[in-house]
>>> print(open('coords_39.cif').read())   # mmCIF, C-alpha atoms and all ligand atoms
data_query
#
loop_
_atom_site.group_PDB
_atom_site.id
_atom_site.type_symbol
_atom_site.label_atom_id
_atom_site.label_comp_id
_atom_site.auth_asym_id
_atom_site.auth_seq_id
_atom_site.Cartn_x
_atom_site.Cartn_y
_atom_site.Cartn_z
ATOM 1 C CA MET A 1 -14.798 6.468 18.467
ATOM 2 C CA SER A 2 -13.839 6.387 22.108
ATOM 3 C CA SER A 3 -11.148 8.814 23.166
ATOM 4 C CA SER A 4 -9.248 5.881 24.639
ATOM 5 C CA THR A 5 -8.215 4.896 21.110
ATOM 6 C CA VAL A 6 -6.243 8.138 20.608
ATOM 7 C CA ARG A 7 -2.526 7.616 21.163
ATOM 8 C CA TRP A 8 0.618 9.689 20.792
ATOM 9 C CA LEU A 9 3.963 8.686 19.360
ATOM 10 C CA ALA A 10 6.542 10.688 21.298
ATOM 11 C CA ILE A 11 9.929 11.081 19.601
ATOM 12 C CA ASP A 12 12.113 12.687 22.253
ATOM 13 C CA GLU A 13 15.292 12.338 20.181
ATOM 14 C CA LEU A 14 14.252 15.136 17.822
ATOM 15 C CA PRO A 15 15.370 18.727 18.563
ATOM 16 C CA ASP A 16 13.177 21.560 19.867
ATOM 17 C CA GLY A 17 11.563 19.467 22.596
ATOM 18 C CA GLY A 18 10.840 16.420 20.467
ATOM 19 C CA LEU A 19 7.706 15.589 18.515
ATOM 20 C CA LYS A 20 4.363 14.106 19.554
ATOM 21 C CA ILE A 21 2.358 12.612 16.710
ATOM 22 C CA PRO A 22 -1.326 11.833 17.401
ATOM 23 C CA TYR A 23 -2.885 8.712 15.937
ATOM 24 C CA VAL A 24 -5.836 6.407 16.403
ATOM 25 C CA ASP A 25 -5.325 2.748 17.240
ATOM 26 C CA VAL A 26 -8.419 0.545 17.236
ATOM 27 C CA ARG A 27 -8.226 -3.057 18.328
ATOM 28 C CA GLY A 28 -11.332 -4.861 17.215
ATOM 29 C CA ALA A 29 -13.600 -7.251 18.999
ATOM 30 C CA ARG A 30 -12.558 -10.097 16.686
ATOM 31 C CA ASP A 31 -9.294 -11.390 15.231
ATOM 32 C CA GLY A 32 -8.077 -10.168 11.874
ATOM 33 C CA PRO A 33 -5.213 -8.390 10.127
ATOM 34 C CA HIS A 34 -3.449 -5.215 11.228
ATOM 35 C CA LEU A 35 -4.031 -2.401 8.723
ATOM 36 C CA THR A 36 -1.956 0.767 9.057
ATOM 37 C CA VAL A 37 -3.004 3.930 7.237
ATOM 38 C CA VAL A 38 -0.802 7.015 7.138
ATOM 39 C CA ALA A 39 -0.964 10.442 5.498
ATOM 40 C CA GLY A 40 0.901 13.705 5.707
ATOM 41 C CA VAL A 41 4.283 12.303 4.719
ATOM 42 C CA HIS A 42 3.999 15.487 2.680
ATOM 43 C CA GLY A 43 2.470 18.049 5.010
ATOM 44 C CA THR A 44 0.431 20.116 2.549
ATOM 45 C CA GLU A 45 -1.350 17.281 0.723
ATOM 46 C CA TYR A 46 -4.540 18.090 2.599
ATOM 47 C CA THR A 47 -7.091 15.809 0.919
ATOM 48 C CA SER A 48 -5.129 12.733 2.006
ATOM 49 C CA ILE A 49 -4.701 14.071 5.557
ATOM 50 C CA ALA A 50 -8.421 14.884 5.726
ATOM 51 C CA ALA A 51 -9.360 11.396 4.556
ATOM 52 C CA VAL A 52 -7.227 9.598 7.168
ATOM 53 C CA ARG A 53 -8.502 11.978 9.855
ATOM 54 C CA GLU A 54 -12.144 11.281 8.944
ATOM 55 C CA PHE A 55 -11.510 7.548 8.542
ATOM 56 C CA ALA A 56 -9.873 7.418 11.990
ATOM 57 C CA LEU A 57 -12.750 9.268 13.636
ATOM 58 C CA SER A 58 -15.315 6.970 11.998
ATOM 59 C CA LEU A 59 -13.882 3.712 13.355
ATOM 60 C CA ASP A 60 -16.011 1.622 15.706
ATOM 61 C CA PRO A 61 -14.134 -1.160 17.570
ATOM 62 C CA GLN A 62 -17.244 -3.348 17.359
ATOM 63 C CA GLN A 63 -16.922 -3.278 13.574
ATOM 64 C CA VAL A 64 -13.190 -4.004 13.413
ATOM 65 C CA SER A 65 -11.821 -7.526 12.979
ATOM 66 C CA GLY A 66 -8.140 -7.182 13.825
ATOM 67 C CA ARG A 67 -6.557 -3.788 14.267
ATOM 68 C CA ILE A 68 -6.509 -0.464 12.426
ATOM 69 C CA THR A 69 -3.859 2.153 13.101
ATOM 70 C CA ALA A 70 -4.521 5.508 11.423
ATOM 71 C CA VAL A 71 -2.010 8.380 11.475
ATOM 72 C CA PRO A 72 -3.348 11.531 9.757
ATOM 73 C CA VAL A 73 -0.111 13.583 9.768
ATOM 74 C CA VAL A 74 3.231 11.828 10.128
ATOM 75 C CA ASN A 75 5.247 14.880 9.022
ATOM 76 C CA LEU A 76 3.848 17.326 11.587
ATOM 77 C CA PRO A 77 6.642 19.929 11.228
ATOM 78 C CA ALA A 78 5.858 20.284 7.492
ATOM 79 C CA PHE A 79 2.120 20.455 8.246
ATOM 80 C CA TRP A 80 2.491 23.320 10.728
ATOM 81 C CA ALA A 81 4.986 25.131 8.497
ATOM 82 C CA ARG A 82 2.774 24.595 5.398
ATOM 83 C CA SER A 83 5.928 23.323 3.759
ATOM 84 C CA PRO A 84 5.479 21.340 0.522
ATOM 85 C CA PHE A 85 7.640 18.284 -0.255
ATOM 86 C CA VAL A 86 10.224 18.523 2.533
ATOM 87 C CA VAL A 87 10.820 18.444 6.275
ATOM 88 C CA PRO A 88 11.590 22.082 7.175
ATOM 89 C CA ALA A 89 14.461 21.338 9.594
ATOM 90 C CA ASP A 90 16.754 19.718 7.006
ATOM 91 C CA GLY A 91 15.074 20.297 3.645
ATOM 92 C CA LYS A 92 14.847 16.551 3.000
ATOM 93 C CA ASN A 93 11.917 14.724 1.457
ATOM 94 C CA LEU A 94 10.570 12.324 4.095
ATOM 95 C CA ASN A 95 9.406 10.036 1.301
ATOM 96 C CA ARG A 96 13.051 9.561 0.240
ATOM 97 C CA SER A 97 14.302 9.034 3.798
ATOM 98 C CA PHE A 98 13.028 5.551 4.725
ATOM 99 C CA PRO A 99 14.011 3.241 6.373
ATOM 100 C CA GLY A 100 15.632 6.127 8.230
ATOM 101 C CA ASP A 101 18.610 6.453 10.530
ATOM 102 C CA PRO A 102 18.447 7.017 14.312
ATOM 103 C CA ASP A 103 21.705 8.988 14.059
ATOM 104 C CA GLY A 104 20.839 10.901 10.884
ATOM 105 C CA SER A 105 19.323 14.292 10.160
ATOM 106 C CA TYR A 106 15.796 15.288 11.241
ATOM 107 C CA ALA A 107 13.958 13.536 8.381
ATOM 108 C CA GLU A 108 16.039 10.373 8.794
ATOM 109 C CA VAL A 109 15.430 10.204 12.554
ATOM 110 C CA LEU A 110 11.713 10.798 11.981
ATOM 111 C CA ALA A 111 11.567 8.086 9.299
ATOM 112 C CA HIS A 112 13.361 5.637 11.596
ATOM 113 C CA HIS A 113 10.832 6.141 14.398
ATOM 114 C CA LEU A 114 7.846 6.051 12.027
ATOM 115 C CA LEU A 115 9.069 2.760 10.601
ATOM 116 C CA GLN A 116 9.568 1.255 14.053
ATOM 117 C CA ALA A 117 6.217 2.485 15.384
ATOM 118 C CA PHE A 118 3.898 2.110 12.406
ATOM 119 C CA LEU A 119 5.318 -0.095 9.649
ATOM 120 C CA THR A 120 6.935 -2.886 11.648
ATOM 121 C CA GLY A 121 4.270 -5.344 12.742
ATOM 122 C CA SER A 122 1.624 -4.201 10.256
ATOM 123 C CA ASP A 123 0.092 -6.658 7.818
ATOM 124 C CA TYR A 124 -0.831 -3.980 5.258
ATOM 125 C CA LEU A 125 0.184 -0.346 4.732
ATOM 126 C CA LEU A 126 -1.698 2.397 2.905
ATOM 127 C CA ASP A 127 0.167 5.706 2.454
ATOM 128 C CA LEU A 128 -2.127 8.473 1.220
ATOM 129 C CA HIS A 129 -0.898 11.413 -0.843
ATOM 130 C CA ALA A 130 -2.150 14.079 -3.257
ATOM 131 C CA GLY A 131 -0.649 16.532 -5.686
ATOM 132 C CA ASP A 132 1.376 18.951 -3.570
ATOM 133 C CA LEU A 133 0.879 22.757 -3.559
ATOM 134 C CA PRO A 134 2.283 23.298 -7.080
ATOM 135 C CA GLU A 135 0.998 20.032 -8.605
ATOM 136 C CA ALA A 136 -2.071 18.949 -10.589
ATOM 137 C CA LEU A 137 -2.817 15.240 -10.301
ATOM 138 C CA GLU A 138 -4.926 12.503 -11.851
ATOM 139 C CA PRO A 139 -5.871 9.946 -9.149
ATOM 140 C CA PHE A 140 -3.669 6.856 -9.100
ATOM 141 C CA ALA A 141 -2.240 4.148 -6.868
ATOM 142 C CA MET A 142 1.347 2.913 -6.964
ATOM 143 C CA TYR A 143 3.079 -0.220 -5.672
ATOM 144 C CA GLU A 144 6.584 -1.625 -5.735
ATOM 145 C CA GLU A 145 7.973 -4.645 -7.507
ATOM 146 C CA SER A 146 8.716 -6.976 -4.581
ATOM 147 C CA ALA A 147 8.111 -10.416 -3.117
ATOM 148 C CA VAL A 148 4.685 -9.142 -1.994
ATOM 149 C CA GLN A 149 3.770 -7.346 -5.220
ATOM 150 C CA ALA A 150 0.746 -9.535 -5.975
ATOM 151 C CA ALA A 151 -0.862 -8.579 -2.658
ATOM 152 C CA SER A 152 0.181 -4.943 -3.150
ATOM 153 C CA ARG A 153 -1.403 -4.891 -6.613
ATOM 154 C CA GLY A 154 -4.569 -6.294 -5.018
ATOM 155 C CA LEU A 155 -4.632 -3.343 -2.609
ATOM 156 C CA ALA A 156 -4.042 -0.910 -5.472
ATOM 157 C CA LEU A 157 -6.922 -2.345 -7.508
ATOM 158 C CA ALA A 158 -9.246 -2.422 -4.474
ATOM 159 C CA TYR A 159 -8.524 1.273 -3.848
ATOM 160 C CA GLY A 160 -10.529 1.889 -7.004
ATOM 161 C CA LEU A 161 -8.628 4.722 -8.729
ATOM 162 C CA GLY A 162 -8.378 4.945 -12.503
ATOM 163 C CA HIS A 163 -4.630 4.316 -12.838
ATOM 164 C CA VAL A 164 -2.255 1.863 -11.158
ATOM 165 C CA VAL A 165 1.529 2.119 -11.560
ATOM 166 C CA ARG A 166 3.927 -0.700 -10.759
ATOM 167 C CA GLN A 167 7.389 0.562 -9.953
ATOM 168 C CA SER A 168 10.195 -1.814 -10.839
ATOM 169 C CA THR A 169 13.205 -2.099 -8.542
ATOM 170 C CA ALA A 170 15.560 -1.606 -11.498
ATOM 171 C CA GLU A 171 14.013 1.734 -12.499
ATOM 172 C CA ARG A 172 12.749 3.116 -9.209
ATOM 173 C CA THR A 173 11.985 6.797 -9.652
ATOM 174 C CA VAL A 174 11.367 7.001 -5.924
ATOM 175 C CA ALA A 175 13.732 5.354 -3.441
ATOM 176 C CA GLY A 176 13.357 5.583 0.309
ATOM 177 C CA SER A 177 9.555 5.738 0.334
ATOM 178 C CA THR A 178 7.240 4.243 2.942
ATOM 179 C CA CYS A 179 6.118 1.800 0.282
ATOM 180 C CA SER A 180 9.586 0.521 -0.618
ATOM 181 C CA ALA A 181 10.501 0.226 3.085
ATOM 182 C CA ALA A 182 7.324 -1.751 3.693
ATOM 183 C CA ALA A 183 7.994 -3.991 0.698
ATOM 184 C CA ASP A 184 11.476 -4.675 2.064
ATOM 185 C CA LEU A 185 9.806 -5.786 5.321
ATOM 186 C CA GLY A 186 7.451 -8.064 3.384
ATOM 187 C CA ILE A 187 4.413 -5.851 4.028
ATOM 188 C CA PRO A 188 2.029 -5.315 1.079
ATOM 189 C CA ALA A 189 1.746 -1.544 0.615
ATOM 190 C CA ILE A 190 0.539 1.137 -1.739
ATOM 191 C CA VAL A 191 0.796 4.873 -2.191
ATOM 192 C CA ALA A 192 -2.642 6.242 -3.120
ATOM 193 C CA GLU A 193 -2.973 9.725 -4.615
ATOM 194 C CA SER A 194 -6.112 11.888 -4.910
ATOM 195 C CA GLY A 195 -6.341 15.677 -4.805
ATOM 196 C CA GLN A 196 -4.170 18.480 -6.092
ATOM 197 C CA ASN A 197 -2.645 21.915 -5.532
ATOM 198 C CA GLY A 198 -3.218 21.878 -1.770
ATOM 199 C CA LEU A 199 -6.950 22.370 -2.287
ATOM 200 C CA MET A 200 -9.462 20.762 0.071
ATOM 201 C CA GLU A 201 -11.615 19.334 -2.724
ATOM 202 C CA ARG A 202 -14.426 17.276 -1.169
ATOM 203 C CA SER A 203 -14.602 14.901 -4.135
ATOM 204 C CA ALA A 204 -10.899 14.068 -3.760
ATOM 205 C CA VAL A 205 -11.306 13.377 -0.020
ATOM 206 C CA ASP A 206 -14.329 11.161 -0.752
ATOM 207 C CA ARG A 207 -12.335 9.244 -3.378
ATOM 208 C CA HIS A 208 -9.700 8.506 -0.725
ATOM 209 C CA LEU A 209 -12.359 7.513 1.829
ATOM 210 C CA ALA A 210 -14.012 5.148 -0.653
ATOM 211 C CA GLY A 211 -10.624 3.582 -1.387
ATOM 212 C CA LEU A 212 -9.747 3.174 2.296
ATOM 213 C CA THR A 213 -13.107 1.580 3.049
ATOM 214 C CA ASN A 214 -12.963 -0.792 0.110
ATOM 215 C CA VAL A 215 -9.411 -1.927 0.902
ATOM 216 C CA ALA A 216 -10.343 -2.426 4.579
ATOM 217 C CA ARG A 217 -13.286 -4.579 3.479
ATOM 218 C CA SER A 218 -11.214 -6.498 0.934
ATOM 219 C CA ILE A 219 -8.781 -7.662 3.620
ATOM 220 C CA GLY A 220 -11.574 -8.354 6.129
ATOM 221 C CA VAL A 221 -10.658 -5.772 8.781
ATOM 222 C CA LEU A 222 -14.002 -3.971 8.231
ATOM 223 C CA PRO A 223 -17.331 -5.652 7.386
ATOM 224 C CA GLY A 224 -19.240 -5.113 4.161
ATOM 225 C CA ASP A 225 -19.162 -6.076 0.539
ATOM 226 C CA THR A 226 -16.072 -5.228 -1.491
ATOM 227 C CA LEU A 227 -16.791 -3.240 -4.622
ATOM 228 C CA PRO A 228 -15.237 -4.733 -7.766
ATOM 229 C CA PRO A 229 -12.384 -2.683 -9.245
ATOM 230 C CA PRO A 230 -13.376 -0.156 -11.910
ATOM 231 C CA VAL A 231 -11.797 -0.212 -15.342
ATOM 232 C CA VAL A 232 -8.173 0.514 -14.501
ATOM 233 C CA CYS A 233 -5.225 1.540 -16.666
ATOM 234 C CA GLU A 234 -2.173 -0.345 -15.408
ATOM 235 C CA HIS A 235 1.256 1.134 -16.125
ATOM 236 C CA ASP A 236 4.702 -0.367 -15.827
ATOM 237 C CA GLY A 237 6.836 2.405 -14.368
ATOM 238 C CA TRP A 238 7.361 6.075 -15.042
ATOM 239 C CA HIS A 239 9.267 8.751 -16.825
ATOM 240 C CA TRP A 240 9.768 11.611 -14.375
ATOM 241 C CA LEU A 241 10.624 14.512 -16.655
ATOM 242 C CA ARG A 242 12.790 17.378 -15.473
ATOM 243 C CA THR A 243 13.699 20.712 -16.967
ATOM 244 C CA PRO A 244 17.271 21.161 -18.205
ATOM 245 C CA VAL A 245 17.140 24.900 -17.448
ATOM 246 C CA ALA A 246 15.467 27.300 -15.030
ATOM 247 C CA GLY A 247 12.626 29.296 -16.508
ATOM 248 C CA TRP A 248 8.910 29.836 -17.038
ATOM 249 C CA TRP A 249 7.176 26.446 -17.340
ATOM 250 C CA GLU A 250 4.045 26.210 -19.432
ATOM 251 C CA PRO A 251 2.470 22.746 -19.726
ATOM 252 C CA ALA A 252 0.915 21.849 -23.079
ATOM 253 C CA VAL A 253 -1.138 18.888 -21.828
ATOM 254 C CA PRO A 254 -3.487 18.202 -18.902
ATOM 255 C CA VAL A 255 -3.113 15.324 -16.445
ATOM 256 C CA GLY A 256 -4.959 12.105 -17.190
ATOM 257 C CA VAL A 257 -4.944 12.308 -20.993
ATOM 258 C CA GLU A 258 -2.901 9.909 -23.138
ATOM 259 C CA VAL A 259 0.021 11.297 -25.116
ATOM 260 C CA ALA A 260 1.987 9.703 -27.950
ATOM 261 C CA ALA A 261 5.754 9.384 -28.228
ATOM 262 C CA GLY A 262 7.183 12.731 -29.325
ATOM 263 C CA ASP A 263 4.173 14.816 -28.291
ATOM 264 C CA LEU A 264 4.946 18.262 -26.885
ATOM 265 C CA LEU A 265 4.286 18.195 -23.119
ATOM 266 C CA GLY A 266 5.294 21.782 -22.389
ATOM 267 C CA THR A 267 7.895 24.486 -22.774
ATOM 268 C CA VAL A 268 10.336 26.328 -20.540
ATOM 269 C CA SER A 269 10.935 29.945 -21.549
ATOM 270 C CA GLU A 270 12.910 32.942 -20.385
ATOM 271 C CA ILE A 271 10.906 35.288 -18.175
ATOM 272 C CA CYS A 272 11.539 38.004 -20.779
ATOM 273 C CA GLY A 273 12.213 36.109 -23.972
ATOM 274 C CA GLY A 274 11.646 33.033 -26.006
ATOM 275 C CA VAL A 275 11.492 29.291 -25.519
ATOM 276 C CA LEU A 276 14.587 27.761 -23.929
ATOM 277 C CA ALA A 277 13.505 24.119 -23.970
ATOM 278 C CA GLU A 278 10.725 21.976 -25.363
ATOM 279 C CA VAL A 279 9.737 18.940 -23.315
ATOM 280 C CA ARG A 280 8.461 15.983 -25.345
ATOM 281 C CA ALA A 281 7.134 12.548 -24.418
ATOM 282 C CA PRO A 282 9.915 9.928 -24.652
ATOM 283 C CA GLU A 283 7.251 7.290 -25.232
ATOM 284 C CA ALA A 284 3.485 6.933 -25.126
ATOM 285 C CA GLY A 285 1.939 7.342 -21.685
ATOM 286 C CA VAL A 286 -0.377 9.276 -19.411
ATOM 287 C CA PRO A 287 0.753 12.297 -17.359
ATOM 288 C CA LEU A 288 -0.495 11.534 -13.823
ATOM 289 C CA PHE A 289 1.000 14.544 -12.063
ATOM 290 C CA LEU A 290 2.134 17.855 -13.445
ATOM 291 C CA THR A 291 3.806 20.941 -12.020
ATOM 292 C CA THR A 292 1.375 23.844 -12.377
ATOM 293 C CA SER A 293 3.670 26.525 -10.995
ATOM 294 C CA PRO A 294 5.397 28.439 -13.814
ATOM 295 C CA ALA A 295 8.563 28.866 -11.726
ATOM 296 C CA VAL A 296 10.962 25.969 -12.285
ATOM 297 C CA LEU A 297 14.627 25.746 -11.363
ATOM 298 C CA ALA A 298 17.158 23.770 -13.410
ATOM 299 C CA ASP A 299 16.574 20.033 -12.923
ATOM 300 C CA GLY A 300 13.173 20.780 -11.351
ATOM 301 C CA LEU A 301 10.517 18.094 -11.694
ATOM 302 C CA LEU A 302 7.924 18.914 -14.371
ATOM 303 C CA LEU A 303 5.674 15.895 -14.597
ATOM 304 C CA GLY A 304 5.296 12.169 -14.076
ATOM 305 C CA LEU A 305 4.479 10.281 -17.266
ATOM 306 C CA ALA A 306 3.138 6.800 -16.476
ATOM 307 C CA ARG A 307 4.487 4.503 -19.172
ATOM 308 C CA GLY A 308 2.084 3.050 -21.698
ATOM 309 C CA THR A 309 -1.599 3.604 -22.209
ATOM 310 C CA GLY A 310 -2.592 0.910 -19.746
ATOM 311 C CA ARG A 311 -4.353 -1.081 -22.441
ATOM 312 C CA THR A 312 -3.305 -4.687 -22.758
HETATM 313 ZN ZN ZN A 401 3.072 13.227 -1.521
#
>>> encode(input="coords_39.cif", output="structure tokens")
Amino acid sequence: MSSSTVRWLAIDELPDGGLKIPYVDVRGARDGPHLTVVAGVHGTEYTSIAAVREFALSLDPQQVSGRITAVPVVNLPAFWARSPFVVPADGKNLNRSFPGDPDGSYAEVLAHHLLQAFLTGSDYLLDLHAGDLPEALEPFAMYEESAVQAASRGLALAYGLGHVVRQSTAERTVAGSTCSAAADLGIPAIVAESGQNGLMERSAVDRHLAGLTNVARSIGVLPGDTLPPPVVCEHDGWHWLRTPVAGWWEPAVPVGVEVAAGDLLGTVSEICGGVLAEVRAPEAGVPLFLTTSPAVLADGLLLGLARGTGRT
């Protein structure tokens, strides 16, 4: 990679001297689509950040047909603060803040500028994530019900993870994400998740890198044969289960293993005392992420149960 491909997005409107976000922008020798790859919407999901960083550094303009923009850490304040889930300045989740607001709080201003700089004008968007510091995770890709959902599903399958979740607009568990903002702009997009608990697991980084490479090949922005999708469980939406009370959370199931309707998923207990609440599966599904921290506040998120077994 030539250093001339490194760019900076300067957002002067943010407090404390503004923000400068480094990224790599490679314009290829031949025509082709514009692929944008971002990570670090959540600043402590390190495997996804590592994968975009390595992918960016590996790019050779002679190999690119079209353009690849790669942004390893879009939420730099959370990265430096080692802050899970939220932007430190306002405590808001950047992945609930899109399309943003130039006159809003820190996360909303940041989302607005990220959308203008990186989403608008892209032909495809990949947003890489992992389980955050207190989360175990089974690798999956997610896309939104939208006018471009067929192309988004194609990206999700090409990414090559074991589970794919389609999120319907009627039952969106996540609003304001990069993916939903992209879908609203008519840009096929996925969230891809690999890695967990803030650990720099090499295998999880490699899984992301393999997915990035295969998607880039499938849309023709990088050369090479596209690997066929593996056997994939496809799910129609989620149950995001929350605890009714604060307490000591103890999961009863691992991620990635099917559960039946009514199965015990975990318990919330008093720190000194008995069980306060049992959490059971509202229908059959597969837990794809799971809070591993025992400390949960009332209404805290416990796990994401992808609906159905994925078998058709
Ligand atoms: Zn995330």
>>> residues_around(input="coords_39.cif", residues="segment 123-136 of chain A", least_positions_apart="4", cutoff="7 Å", atoms="only C-alpha atoms", output="number ranges by chain")
A: 33-39, 44-45, 47-48, 84, 187-198, 255, 289-293
>>> write_last_selection(input="coords_39.cif", atoms="C-alpha atoms", output="CSV table (one decimal), in the frame of the given file")
chain,number,residue,atom,x,y,z
A,33,PRO,CA,-5.2,-8.4,10.1
A,34,HIS,CA,-3.4,-5.2,11.2
A,35,LEU,CA,-4.0,-2.4,8.7
A,36,THR,CA,-2.0,0.8,9.1
A,37,VAL,CA,-3.0,3.9,7.2
A,38,VAL,CA,-0.8,7.0,7.1
A,39,ALA,CA,-1.0,10.4,5.5
A,44,THR,CA,0.4,20.1,2.5
A,45,GLU,CA,-1.4,17.3,0.7
A,47,THR,CA,-7.1,15.8,0.9
A,48,SER,CA,-5.1,12.7,2.0
A,84,PRO,CA,5.5,21.3,0.5
A,187,ILE,CA,4.4,-5.9,4.0
A,188,PRO,CA,2.0,-5.3,1.1
A,189,ALA,CA,1.7,-1.5,0.6
A,190,ILE,CA,0.5,1.1,-1.7
A,191,VAL,CA,0.8,4.9,-2.2
A,192,ALA,CA,-2.6,6.2,-3.1
A,193,GLU,CA,-3.0,9.7,-4.6
A,194,SER,CA,-6.1,11.9,-4.9
A,195,GLY,CA,-6.3,15.7,-4.8
A,196,GLN,CA,-4.2,18.5,-6.1
A,197,ASN,CA,-2.6,21.9,-5.5
A,198,GLY,CA,-3.2,21.9,-1.8
A,255,VAL,CA,-3.1,15.3,-16.4
A,289,PHE,CA,1.0,14.5,-12.1
A,290,LEU,CA,2.1,17.9,-13.4
A,291,THR,CA,3.8,20.9,-12.0
A,292,THR,CA,1.4,23.8,-12.4
A,293,SER,CA,3.7,26.5,-11.0
>>> closest_residue(input="coords_39.cif", among="A:Tyr106, A:Phe55, A:Tyr46, A:Trp249", to="Gly91 of chain A", atoms="only C-alpha atoms")
A:Tyr106
>>> closest_residue(input="coords_39.cif", among="A:Gly300, A:Gly224, A:Gly104, A:Pro99", to="Gln116 of chain A", atoms="all atoms listed in the file")
A:Pro99
>>> residues_around(input="coords_39.cif", residues="Asn75 of chain A", least_positions_apart="2", cutoff="6 Å", atoms="all atoms listed in the file", output="PyMOL selection string")
chain A and resi 40-41+43+73+77-78
>>> axis_aligned_box(input="coords_39.cif", around="segment 22-34 of chain A", padding_each_side="4 Å", output="JSON")
{"center_x": -7.5, "center_y": 0.2, "center_z": 14.6, "size_x": 20.3, "size_y": 31.2, "size_z": 16.9}
>>> closest_residue(input="coords_39.cif", among="A:Leu14, A:His113, A:Thr69, A:Val86", to="ligand ZN 401 (chain A)", atoms="all atoms listed in the file")
A:Val86
>>> resolve_selection(input="coords_39.cif", expression="the PyMOL selection byres (((chain A and resi 308) around 8) and not hetatm)", output="list in words")
His235, Asp236, Glu283, Ala284, Gly285, Val286, Ala306, Arg307, Thr309, Gly310 and Arg311 of chain A
>>> closest_residue(input="coords_39.cif", among="A:Ala158, A:Leu115, A:Leu297, A:Ala181", to="Glu144 of chain A", atoms="all atoms listed in the file")
A:Ala181
>>> closest_residue(input="coords_39.cif", among="A:Leu57, A:Ala89, A:Ala147, A:Val221", to="Asp16 of chain A", atoms="all atoms listed in the file")
A:Ala89
